[in-house]
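Raw contents of query_23.pdb, PDB, C-alpha atoms and all ligand atoms:
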```pdb
ATOM      1  CA  GLU A  27      36.233 -19.875 -18.265
ATOM      2  CA  SER A  28      35.199 -17.798 -15.243
ATOM      3  CA  ASN A  29      37.721 -15.898 -13.164
ATOM      4  CA  LEU A  30      37.025 -18.244 -10.313
ATOM      5  CA  GLU A  31      37.701 -21.381 -12.415
ATOM      6  CA  MET A  32      40.907 -19.790 -13.693
ATOM      7  CA  LEU A  33      42.057 -19.035 -10.147
ATOM      8  CA  LYS A  34      41.312 -22.564  -9.025
ATOM      9  CA  ASN A  35      43.567 -23.835 -11.806
ATOM     10  CA  THR A  36      46.417 -21.377 -11.281
ATOM     11  CA  GLY A  37      47.638 -22.752  -7.978
ATOM     12  CA  ALA A  38      47.834 -20.965  -4.680
ATOM     13  CA  ILE A  39      47.344 -17.212  -4.457
ATOM     14  CA  LEU A  40      49.027 -15.068  -1.854
ATOM     15  CA  LEU A  41      47.140 -12.367   0.027
ATOM     16  CA  GLY A  42      47.766 -10.485   3.236
ATOM     17  CA  VAL A  43      47.213  -7.473   5.433
ATOM     18  CA  ILE A  44      49.887  -4.980   6.499
ATOM     19  CA  GLY A  45      49.616  -2.889   9.651
ATOM     20  CA  ASP A  46      51.328  -1.873  12.862
ATOM     21  CA  PRO A  47      50.088  -3.413  15.114
ATOM     22  CA  ILE A  48      48.551  -6.333  13.200
ATOM     23  CA  ILE A  49      48.100  -9.002  15.861
ATOM     24  CA  HIS A  50      44.418  -8.157  16.546
ATOM     25  CA  SER A  51      43.325  -8.062  12.898
ATOM     26  CA  LYS A  52      40.296 -10.221  12.092
ATOM     27  CA  SER A  53      41.059 -10.045   8.362
ATOM     28  CA  PRO A  54      43.132 -13.271   8.168
ATOM     29  CA  VAL A  55      40.440 -15.441   9.755
ATOM     30  CA  MET A  56      37.752 -13.813   7.588
ATOM     31  CA  HIS A  57      39.577 -14.156   4.261
ATOM     32  CA  GLN A  58      40.942 -17.610   4.983
ATOM     33  CA  ALA A  59      37.385 -18.839   5.573
ATOM     34  CA  ALA A  60      36.263 -17.174   2.337
ATOM     35  CA  LEU A  61      39.054 -18.717   0.244
ATOM     36  CA  GLN A  62      38.298 -22.154   1.626
ATOM     37  CA  HIS A  63      34.587 -21.777   0.929
ATOM     38  CA  MET A  64      35.267 -20.557  -2.623
ATOM     39  CA  GLY A  65      37.556 -23.518  -3.277
ATOM     40  CA  ILE A  66      40.528 -21.266  -3.974
ATOM     41  CA  GLN A  67      43.930 -22.475  -2.842
ATOM     42  CA  GLY A  68      45.747 -19.673  -1.133
ATOM     43  CA  SER A  69      46.945 -17.984   2.004
ATOM     44  CA  TYR A  70      45.996 -14.685   3.601
ATOM     45  CA  VAL A  71      48.651 -13.711   6.112
ATOM     46  CA  PRO A  72      48.993 -10.971   8.730
ATOM     47  CA  LEU A  73      52.194  -8.987   8.098
ATOM     48  CA  HIS A  74      53.565  -6.770  10.830
ATOM     49  CA  VAL A  75      55.100  -3.840   8.940
ATOM     50  CA  ILE A  76      56.605  -0.866  10.747
ATOM     51  CA  PRO A  77      56.498   2.509   8.944
ATOM     52  CA  GLN A  78      60.207   2.418   8.017
ATOM     53  CA  ALA A  79      59.707  -0.926   6.254
ATOM     54  CA  LEU A  80      56.714   0.077   4.146
ATOM     55  CA  GLY A  81      58.556   0.744   0.876
ATOM     56  CA  ASP A  82      60.572  -2.488   1.061
ATOM     57  CA  THR A  83      57.406  -4.421   1.891
ATOM     58  CA  ILE A  84      55.569  -3.135  -1.176
ATOM     59  CA  GLN A  85      58.569  -4.055  -3.335
ATOM     60  CA  ALA A  86      58.547  -7.531  -1.734
ATOM     61  CA  ILE A  87      54.894  -7.918  -2.692
ATOM     62  CA  ARG A  88      55.916  -7.522  -6.345
ATOM     63  CA  THR A  89      58.898  -9.846  -5.926
ATOM     64  CA  LEU A  90      56.921 -12.579  -4.191
ATOM     65  CA  GLY A  91      53.950 -12.238  -6.505
ATOM     66  CA  PHE A  92      51.278 -11.486  -3.907
ATOM     67  CA  ARG A  93      47.929 -11.063  -5.688
ATOM     68  CA  GLY A  94      46.809  -8.454  -3.223
ATOM     69  CA  LEU A  95      47.010  -6.778   0.142
ATOM     70  CA  ASN A  96      44.807  -5.041   2.621
ATOM     71  CA  VAL A  97      46.329  -2.010   4.249
ATOM     72  CA  THR A  98      45.453  -0.917   7.752
ATOM     73  CA  LEU A  99      46.688   1.662  10.246
ATOM     74  CA  PRO A 100      49.050   3.478  10.105
ATOM     75  CA  HIS A 101      49.821   2.868   6.400
ATOM     76  CA  LYS A 102      46.636   3.831   4.533
ATOM     77  CA  VAL A 103      47.925   7.232   3.408
ATOM     78  CA  GLU A 104      51.689   6.619   3.202
ATOM     79  CA  VAL A 105      51.341   3.494   1.049
ATOM     80  CA  MET A 106      49.948   5.516  -1.868
ATOM     81  CA  LYS A 107      53.352   6.800  -2.955
ATOM     82  CA  TYR A 108      54.625   3.257  -3.596
ATOM     83  CA  LEU A 109      51.777   2.269  -5.934
ATOM     84  CA  ASP A 110      51.587   2.518  -9.733
ATOM     85  CA  HIS A 111      47.917   3.548  -9.971
ATOM     86  CA  LEU A 112      45.116   4.729  -7.728
ATOM     87  CA  ASP A 113      41.462   4.262  -8.557
ATOM     88  CA  GLU A 114      39.314   7.388  -8.390
ATOM     89  CA  THR A 115      37.761   6.579  -5.007
ATOM     90  CA  ALA A 116      41.126   5.968  -3.321
ATOM     91  CA  SER A 117      42.621   9.061  -4.872
ATOM     92  CA  ARG A 118      39.749  11.326  -3.800
ATOM     93  CA  ILE A 119      39.595   9.898  -0.289
ATOM     94  CA  GLY A 120      43.376  10.092  -0.063
ATOM     95  CA  ALA A 121      43.749   6.652   1.480
ATOM     96  CA  VAL A 122      44.155   3.056   0.301
ATOM     97  CA  ASN A 123      42.934  -0.060   2.099
ATOM     98  CA  THR A 124      43.261  -2.543  -0.781
ATOM     99  CA  ILE A 125      46.027  -3.205  -3.306
ATOM    100  CA  VAL A 126      45.664  -5.361  -6.422
ATOM    101  CA  ASN A 127      48.814  -6.707  -8.080
ATOM    102  CA  ASP A 128      48.480  -7.315 -11.826
ATOM    103  CA  ASP A 129      51.803  -8.868 -12.854
ATOM    104  CA  GLY A 130      53.820  -6.380 -10.829
ATOM    105  CA  VAL A 131      51.616  -3.371 -11.522
ATOM    106  CA  LEU A 132      50.038  -2.253  -8.238
ATOM    107  CA  THR A 133      46.710  -0.412  -8.076
ATOM    108  CA  GLY A 134      45.315   1.086  -4.859
ATOM    109  CA  TYR A 135      41.624   1.026  -3.984
ATOM    110  CA  ASN A 136      39.562   2.068  -0.998
ATOM    111  CA  THR A 137      36.701  -0.289  -0.151
ATOM    112  CA  ASP A 138      35.927   1.084   3.346
ATOM    113  CA  GLY A 139      33.294   3.613   2.305
ATOM    114  CA  ILE A 140      31.617   1.405  -0.318
ATOM    115  CA  GLY A 141      31.704  -1.477   2.171
ATOM    116  CA  TYR A 142      30.044   0.700   4.772
ATOM    117  CA  VAL A 143      27.284   1.905   2.428
ATOM    118  CA  ARG A 144      26.639  -1.626   1.146
ATOM    119  CA  SER A 145      26.211  -2.802   4.737
ATOM    120  CA  LEU A 146      24.016   0.166   5.734
ATOM    121  CA  LYS A 147      21.734  -0.465   2.749
ATOM    122  CA  ASP A 148      21.596  -4.232   3.361
ATOM    123  CA  GLU A 149      20.876  -3.932   7.067
ATOM    124  CA  ALA A 150      19.151  -0.627   7.791
ATOM    125  CA  VAL A 151      18.169   1.840   5.012
ATOM    126  CA  ALA A 152      17.431   0.344   1.595
ATOM    127  CA  ASP A 153      17.626   3.709  -0.192
ATOM    128  CA  LEU A 154      19.681   6.714   0.907
ATOM    129  CA  LYS A 155      18.336   8.949  -1.862
ATOM    130  CA  GLY A 156      16.788  12.101  -0.388
ATOM    131  CA  LYS A 157      17.867  11.263   3.153
ATOM    132  CA  THR A 158      19.417  13.730   5.575
ATOM    133  CA  ILE A 159      22.500  12.223   7.182
ATOM    134  CA  LEU A 160      24.505  13.380  10.196
ATOM    135  CA  VAL A 161      28.076  12.044  10.391
ATOM    136  CA  ILE A 162      29.945  12.520  13.660
ATOM    137  CA  GLY A 163      33.722  12.827  13.241
ATOM    138  CA  ALA A 164      35.917  14.141  10.440
ATOM    139  CA  GLY A 165      38.933  11.826  10.555
ATOM    140  CA  GLY A 166      40.138   9.194   8.116
ATOM    141  CA  ALA A 167      37.173   6.870   8.642
ATOM    142  CA  SER A 168      34.712   9.719   8.163
ATOM    143  CA  ARG A 169      36.284  10.776   4.847
ATOM    144  CA  GLY A 170      35.807   7.335   3.295
ATOM    145  CA  ILE A 171      32.238   7.090   4.458
ATOM    146  CA  VAL A 172      31.168  10.605   3.528
ATOM    147  CA  TYR A 173      32.589  10.115   0.030
ATOM    148  CA  ALA A 174      30.585   6.925  -0.483
ATOM    149  CA  LEU A 175      27.427   8.442   1.077
ATOM    150  CA  ALA A 176      27.692  11.514  -1.137
ATOM    151  CA  LYS A 177      27.314   9.282  -4.216
ATOM    152  CA  GLU A 178      23.933   8.003  -2.969
ATOM    153  CA  LYS A 179      22.107  11.282  -3.766
ATOM    154  CA  PRO A 180      21.240  12.215  -0.158
ATOM    155  CA  GLU A 181      19.306  15.427   0.520
ATOM    156  CA  ARG A 182      22.142  16.714   2.713
ATOM    157  CA  ILE A 183      25.064  15.444   4.782
ATOM    158  CA  TYR A 184      26.036  17.235   7.983
ATOM    159  CA  ILE A 185      29.499  16.498   9.350
ATOM    160  CA  ALA A 186      29.786  17.361  13.047
ATOM    161  CA  ASN A 187      33.266  17.518  14.512
ATOM    162  CA  ARG A 188      35.011  18.775  17.639
ATOM    163  CA  THR A 189      37.428  20.583  15.311
ATOM    164  CA  VAL A 190      34.927  22.277  12.968
ATOM    165  CA  ALA A 191      37.581  23.272  10.434
ATOM    166  CA  LYS A 192      38.198  19.613   9.546
ATOM    167  CA  ALA A 193      34.496  19.039   8.892
ATOM    168  CA  ALA A 194      34.255  22.230   6.845
ATOM    169  CA  GLN A 195      37.231  21.150   4.760
ATOM    170  CA  ILE A 196      35.645  17.827   3.786
ATOM    171  CA  ALA A 197      32.414  19.654   2.946
ATOM    172  CA  GLU A 198      34.241  22.080   0.684
ATOM    173  CA  GLU A 199      36.290  19.378  -1.019
ATOM    174  CA  TRP A 200      33.228  17.368  -2.084
ATOM    175  CA  GLN A 201      30.782  20.178  -2.863
ATOM    176  CA  ASP A 202      30.529  18.787  -6.397
ATOM    177  CA  LEU A 203      29.161  15.460  -5.141
ATOM    178  CA  ALA A 204      26.456  16.447  -2.668
ATOM    179  CA  ASP A 205      25.149  19.126  -0.321
ATOM    180  CA  ILE A 206      27.592  18.712   2.571
ATOM    181  CA  GLN A 207      27.878  21.033   5.557
ATOM    182  CA  GLY A 208      30.397  21.079   8.398
ATOM    183  CA  ILE A 209      29.081  21.931  11.886
ATOM    184  CA  GLY A 210      30.393  21.999  15.449
ATOM    185  CA  MET A 211      29.479  19.327  17.997
ATOM    186  CA  GLU A 212      27.660  22.015  20.005
ATOM    187  CA  ASP A 213      25.447  22.788  16.981
ATOM    188  CA  ILE A 214      24.086  19.237  16.632
ATOM    189  CA  ASN A 215      20.907  20.128  18.542
ATOM    190  CA  ASP A 216      20.032  22.777  15.938
ATOM    191  CA  TYR A 217      20.027  20.241  13.103
ATOM    192  CA  ILE A 218      19.169  16.844  14.522
ATOM    193  CA  GLN A 219      15.384  17.090  14.233
ATOM    194  CA  GLY A 220      15.504  16.719  10.450
ATOM    195  CA  VAL A 221      18.050  13.882  10.423
ATOM    196  CA  ASP A 222      17.123  10.418   9.064
ATOM    197  CA  VAL A 223      20.450   8.659   9.629
ATOM    198  CA  LEU A 224      23.035   9.379  12.347
ATOM    199  CA  ILE A 225      26.501   7.828  12.006
ATOM    200  CA  ASN A 226      29.297   7.763  14.594
ATOM    201  CA  THR A 227      32.716   7.495  12.899
ATOM    202  CA  THR A 228      34.806   8.358  15.954
ATOM    203  CA  SER A 229      36.397   5.754  18.200
ATOM    204  CA  ILE A 230      34.399   7.055  21.170
ATOM    205  CA  GLY A 231      32.697   4.019  22.748
ATOM    206  CA  MET A 232      35.192   1.456  21.498
ATOM    207  CA  HIS A 233      36.458  -1.302  23.778
ATOM    208  CA  PRO A 234      37.683  -0.881  26.498
ATOM    209  CA  ARG A 235      36.028   2.549  27.003
ATOM    210  CA  ILE A 236      32.554   1.215  26.354
ATOM    211  CA  ASP A 237      30.729   3.735  28.586
ATOM    212  CA  GLU A 238      31.575   6.725  26.387
ATOM    213  CA  MET A 239      29.357   8.206  23.658
ATOM    214  CA  SER A 240      30.111  10.853  21.012
ATOM    215  CA  ILE A 241      26.565  12.263  21.410
ATOM    216  CA  GLU A 242      23.941  12.231  24.158
ATOM    217  CA  THR A 243      21.074   9.964  23.128
ATOM    218  CA  ALA A 244      18.512  12.274  24.775
ATOM    219  CA  CYS A 245      18.649  14.539  21.699
ATOM    220  CA  ILE A 246      18.273  11.711  19.135
ATOM    221  CA  PRO A 247      14.764  11.582  17.590
ATOM    222  CA  ALA A 248      13.000   8.232  18.135
ATOM    223  CA  GLY A 249      12.659   6.135  15.025
ATOM    224  CA  ILE A 250      15.673   7.356  13.037
ATOM    225  CA  VAL A 251      18.549   5.078  11.973
ATOM    226  CA  VAL A 252      21.596   5.164  14.258
ATOM    227  CA  SER A 253      24.798   3.611  12.959
ATOM    228  CA  ASP A 254      28.205   3.122  14.589
ATOM    229  CA  LEU A 255      31.416   2.134  12.782
ATOM    230  CA  ILE A 256      32.677   0.442  15.936
ATOM    231  CA  TYR A 257      32.302  -3.366  15.997
ATOM    232  CA  ASN A 258      33.997  -4.067  19.315
ATOM    233  CA  PRO A 259      31.631  -4.101  21.150
ATOM    234  CA  LEU A 260      29.119  -5.251  18.514
ATOM    235  CA  LYS A 261      26.573  -2.903  20.130
ATOM    236  CA  THR A 262      28.067   0.272  21.543
ATOM    237  CA  ARG A 263      26.355   2.177  24.328
ATOM    238  CA  LEU A 264      25.173   4.638  21.641
ATOM    239  CA  LEU A 265      23.439   1.778  19.810
ATOM    240  CA  LEU A 266      22.019   0.160  22.963
ATOM    241  CA  GLU A 267      20.475   3.427  24.155
ATOM    242  CA  SER A 268      19.233   4.340  20.662
ATOM    243  CA  GLU A 269      17.592   0.931  20.330
ATOM    244  CA  LEU A 270      15.750   1.527  23.604
ATOM    245  CA  LYS A 271      14.453   4.790  22.130
ATOM    246  CA  GLY A 272      12.977   2.917  19.186
ATOM    247  CA  CYS A 273      15.696   3.695  16.657
ATOM    248  CA  THR A 274      16.829   1.246  13.995
ATOM    249  CA  ILE A 275      20.440   0.437  14.844
ATOM    250  CA  HIS A 276      23.349  -0.615  12.635
ATOM    251  CA  GLY A 277      26.753  -1.685  13.983
ATOM    252  CA  GLY A 278      30.193  -1.659  12.388
ATOM    253  CA  LEU A 279      30.673  -5.369  11.791
ATOM    254  CA  GLY A 280      28.903  -5.237   8.418
ATOM    255  CA  MET A 281      31.279  -2.528   7.216
ATOM    256  CA  PHE A 282      34.290  -4.625   8.152
ATOM    257  CA  ILE A 283      32.865  -7.707   6.427
ATOM    258  CA  ASN A 284      31.865  -5.803   3.292
ATOM    259  CA  GLN A 285      35.124  -3.886   2.866
ATOM    260  CA  GLY A 286      36.809  -7.295   2.935
ATOM    261  CA  ALA A 287      34.273  -8.849   0.589
ATOM    262  CA  ILE A 288      34.753  -6.084  -1.996
ATOM    263  CA  ALA A 289      38.554  -6.423  -1.725
ATOM    264  CA  LEU A 290      38.269 -10.169  -2.283
ATOM    265  CA  GLU A 291      36.079  -9.514  -5.329
ATOM    266  CA  TYR A 292      38.801  -7.250  -6.753
ATOM    267  CA  TRP A 293      41.458  -9.929  -6.200
ATOM    268  CA  THR A 294      39.487 -12.915  -7.471
ATOM    269  CA  GLY A 295      36.845 -11.518  -9.821
ATOM    270  CA  ALA A 296      34.366 -13.787  -8.036
ATOM    271  CA  GLN A 297      31.562 -13.009  -5.621
ATOM    272  CA  ALA A 298      32.646 -13.161  -1.971
ATOM    273  CA  PRO A 299      30.726 -15.391   0.494
ATOM    274  CA  VAL A 300      29.669 -12.600   2.845
ATOM    275  CA  ASP A 301      27.798 -14.850   5.302
ATOM    276  CA  VAL A 302      30.711 -17.272   5.603
ATOM    277  CA  MET A 303      33.009 -14.326   6.285
ATOM    278  CA  ARG A 304      30.669 -12.896   8.939
ATOM    279  CA  ARG A 305      30.377 -16.247  10.711
ATOM    280  CA  ALA A 306      34.178 -16.672  10.752
ATOM    281  CA  VAL A 307      34.673 -13.246  12.332
ATOM    282  CA  LEU A 308      31.905 -13.733  14.907
ATOM    283  CA  LYS A 309      33.346 -17.127  15.865
ATOM    284  CA  SER A 310      36.806 -15.604  16.391
ATOM    285  CA  MET A 311      35.301 -12.882  18.597
ATOM    286  CA  ALA A 312      33.313 -15.272  20.795
TER     287      ALA A 312
HETATM  288  P1  LIG A 401      39.905   7.658  12.242
HETATM  289  O1  LIG A 401      40.845   7.344  11.119
HETATM  290  O2  LIG A 401      39.488   6.484  13.059
HETATM  291  O3  LIG A 401      38.746   8.457  11.782
HETATM  292  P2  LIG A 401      41.205  10.042  13.275
HETATM  293  O4  LIG A 401      41.605  10.413  11.890
HETATM  294  O5  LIG A 401      42.187  10.182  14.361
HETATM  295  O6  LIG A 401      40.750   8.524  13.298
HETATM  296  O7  LIG A 401      39.850  10.843  13.624
HETATM  297  C1  LIG A 401      39.253  10.718  14.864
HETATM  298  C2  LIG A 401      37.928  11.488  14.875
HETATM  299  O8  LIG A 401      37.317  11.313  16.154
HETATM  300  C3  LIG A 401      38.078  12.976  14.691
HETATM  301  O9  LIG A 401      36.910  13.468  14.081
HETATM  302  C4  LIG A 401      38.206  13.477  16.125
HETATM  303  O10 LIG A 401      37.858  14.833  16.316
HETATM  304  P3  LIG A 401      38.974  15.992  16.040
HETATM  305  O11 LIG A 401      39.093  16.128  14.548
HETATM  306  O12 LIG A 401      38.401  17.212  16.676
HETATM  307  O13 LIG A 401      40.234  15.524  16.694
HETATM  308  C5  LIG A 401      37.199  12.587  16.803
HETATM  309  N1  LIG A 401      37.466  12.409  18.235
HETATM  310  C6  LIG A 401      38.351  11.556  18.781
HETATM  311  N2  LIG A 401      38.322  11.629  20.129
HETATM  312  C7  LIG A 401      37.371  12.563  20.438
HETATM  313  C8  LIG A 401      36.837  13.093  21.654
HETATM  314  N3  LIG A 401      37.278  12.671  22.852
HETATM  315  N4  LIG A 401      35.860  14.032  21.572
HETATM  316  C9  LIG A 401      35.396  14.458  20.378
HETATM  317  N5  LIG A 401      35.869  13.996  19.192
HETATM  318  C10 LIG A 401      36.830  13.073  19.222
END
```
This entry written out as structure tokens:
Amino acid sequence: ESNLEMLKNTGAILLGVIGDPIIHSKSPVMHQAALQHMGIQGSYVPLHVIPQALGDTIQAIRTLGFRGLNVTLPHKVEVMKYLDHLDETASRIGAVNTIVNDDGVLTGYNTDGIGYVRSLKDEAVADLKGKTILVIGAGGASRGIVYALAKEKPERIYIANRTVAKAAQIAEEWQDLADIQGIGMEDINDYIQGVDVLINTTSIGMHPRIDEMSIETACIPAGIVVSDLIYNPLKTRLLLESELKGCTIHGGLGMFINQGAIALEYWTGAQAPVDVMRRAVLKSMA
């Protein structure tokens, strides 16, 4: 009997997302559509959890028998201390976005980086092997993505950040995985000519400040791949201007969909209906 058949026969499964705030999360609409399409009875609920309530909430997950949770801001780091196990990716990134509950034993995963790379490969660059990648930003989002990119055997990854020390620290931490180098924002011009893929991981350009860009597009070579983690708007100004220059562009929606799809695969053991999930999110944004 497949995992999916077993789940269908077990009765309803409980899933949810914890965050503060949580009201704007698109995860419930995305996962609810997926469960329905897969024929799995269950609910995926948004749970508003303030930092002081995090420990009690995780205990409640065990008590209520939730199969799994997504974890969003500001809990991705703090939640780790309440879990029984961390998978290697979550432990090296130092953040959890997905929890799986196996009969009260909670394991933390991080599907953000893998979700991002899956989406980038599906939509823009089939093979990252040998590519030179420039990542702008060295915050939490950047860490997850750089870790996943480093496993794709790139030629080199540059991390450019306003605070260079943060970029240098990530580079040093993951020396064993790939050739990673931290640089200052003002040094981007010295390196950009050899770059194949440029990725913005900062929130610069996100709604409502849609006129801002983390990098001037004048210095971006025509024809490279330009990717932005932001999905509101679906095309940031960085992507719009890069597209006009003849670059291949890749927005953040695919990362959001794929991090959710991988989480759902961990919870159910079945393949997630990525297109159904994308349509549900797009419909809720329209
Ligand atoms: P996230 O988890 O979304 O990555 P974060 O951890 O707060 O959020 O990181 C934000 C990133 O965007 C950082 O790389 C930050 O640069 P610093 O490390 O120098 O703070 C970058 N960032 C945010 N606002 C910026 C701005 N106005 N100019 C340049 N970089 C900015």
Distance filter 8 Å around ligand LIG 401 (chain A), atoms: only C-alpha atoms and all ligand atoms, out as a PyMOL selection string: chain A and resi 162-169+187-190+192-193+227-230+240
Could I get the residues of segment 215-298 of chain A with an atom no further than 9 Å from an atom of segment 88-99 of chain A, each paired with its nearest atom pair and that distance in Å to one decimal, using all atoms listed in the file, sorted by chain and residue number, as a tab-separated table?
```
residue	atom	partner	partner_atom	distance
A:Gly286	CA	A:Asn96	CA	8.3
A:Ala289	CA	A:Asn96	CA	7.7
A:Leu290	CA	A:Gly94	CA	8.8
A:Tyr292	CA	A:Gly94	CA	8.8
A:Trp293	CA	A:Gly94	CA	6.3
A:Thr294	CA	A:Arg93	CA	8.8
```
What's around Gly81 of chain A at 12 Å? Count all atoms listed in the file, leave out sequence neighbours fewer than 4 positions away in its own chain, and write the answer as a PyMOL selection string. chain A and resi 44+75-77+85-88+101+104-109
d(atom CA of Thr83 of chain A, atom CA of His50 of chain A) in Å: 19.9 Å
Counting all atoms listed in the file, the option among A:Arg305, A:His74, A:His111, A:His233 closest to His57 of chain A: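 Checking each of A:Arg305, A:His74, A:His111, A:His233 against His57 of chain A, counting all atoms listed in the file, the winner is A:Arg305.
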Pro100 of chain A: which residues within 8 Å, counting only C-alpha atoms, same-chain residues fewer than 3 positions away excluded, as JSON, numbers by chain? {"A": [45, 46, 77, 103]}
Run the PyMOL selection byres (((chain A and resi 245-257) around 7) and not hetatm) mentally over the shown coordinates, then write out the matched residues as number ranges by chain, using the chain letters and numbers from the document. A: 215, 218-219, 222-227, 229, 232, 242-244, 258-260, 265, 268, 271-279
Next, the residues of the selection above should be written as a short mmCIF file (atom, residue, chain, number, x, y, z; two decimals), in the frame of the given file with C-alpha atoms.
```
data_model
loop_
_atom_site.label_atom_id
_atom_site.label_comp_id
_atom_site.auth_asym_id
_atom_site.auth_seq_id
_atom_site.Cartn_x
_atom_site.Cartn_y
_atom_site.Cartn_z
CA ASN A 215 20.91 20.13 18.54
CA ILE A 218 19.17 16.84 14.52
CA GLN A 219 15.38 17.09 14.23
CA ASP A 222 17.12 10.42 9.06
CA VAL A 223 20.45 8.66 9.63
CA LEU A 224 23.04 9.38 12.35
CA ILE A 225 26.50 7.83 12.01
CA ASN A 226 29.30 7.76 14.59
CA THR A 227 32.72 7.50 12.90
CA SER A 229 36.40 5.75 18.20
CA MET A 232 35.19 1.46 21.50
CA GLU A 242 23.94 12.23 24.16
CA THR A 243 21.07 9.96 23.13
CA ALA A 244 18.51 12.27 24.78
CA ASN A 258 34.00 -4.07 19.32
CA PRO A 259 31.63 -4.10 21.15
CA LEU A 260 29.12 -5.25 18.51
CA LEU A 265 23.44 1.78 19.81
CA SER A 268 19.23 4.34 20.66
CA LYS A 271 14.45 4.79 22.13
CA GLY A 272 12.98 2.92 19.19
CA CYS A 273 15.70 3.70 16.66
CA THR A 274 16.83 1.25 14.00
CA ILE A 275 20.44 0.44 14.84
CA HIS A 276 23.35 -0.62 12.64
CA GLY A 277 26.75 -1.68 13.98
CA GLY A 278 30.19 -1.66 12.39
CA LEU A 279 30.67 -5.37 11.79
#
```
Counting only C-alpha atoms, which residue out of A:Tyr173, A:Val221, A:Asp301, A:Met64 sits closest to Glu199 of chain A? A:Tyr173
To one decimal place, how far is atom CA of Thr137 of chain A from atom CA of Arg263 of chain A in Å? 26.7 Å
Within 7 Å of file point (44.0, -22.1, -3.1), counting only C-alpha atoms, expressed as a ChimeraX atom specification: /A:34,37-39,61,65-68
Interatomic distance (Å, one decimal) between atom CA of Leu308 of chain A and atom CA of Ile283 of chain A: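 Atom-to-atom, atom CA of Leu308 of chain A to atom CA of Ile283 of chain A, that is 10.4 Å.
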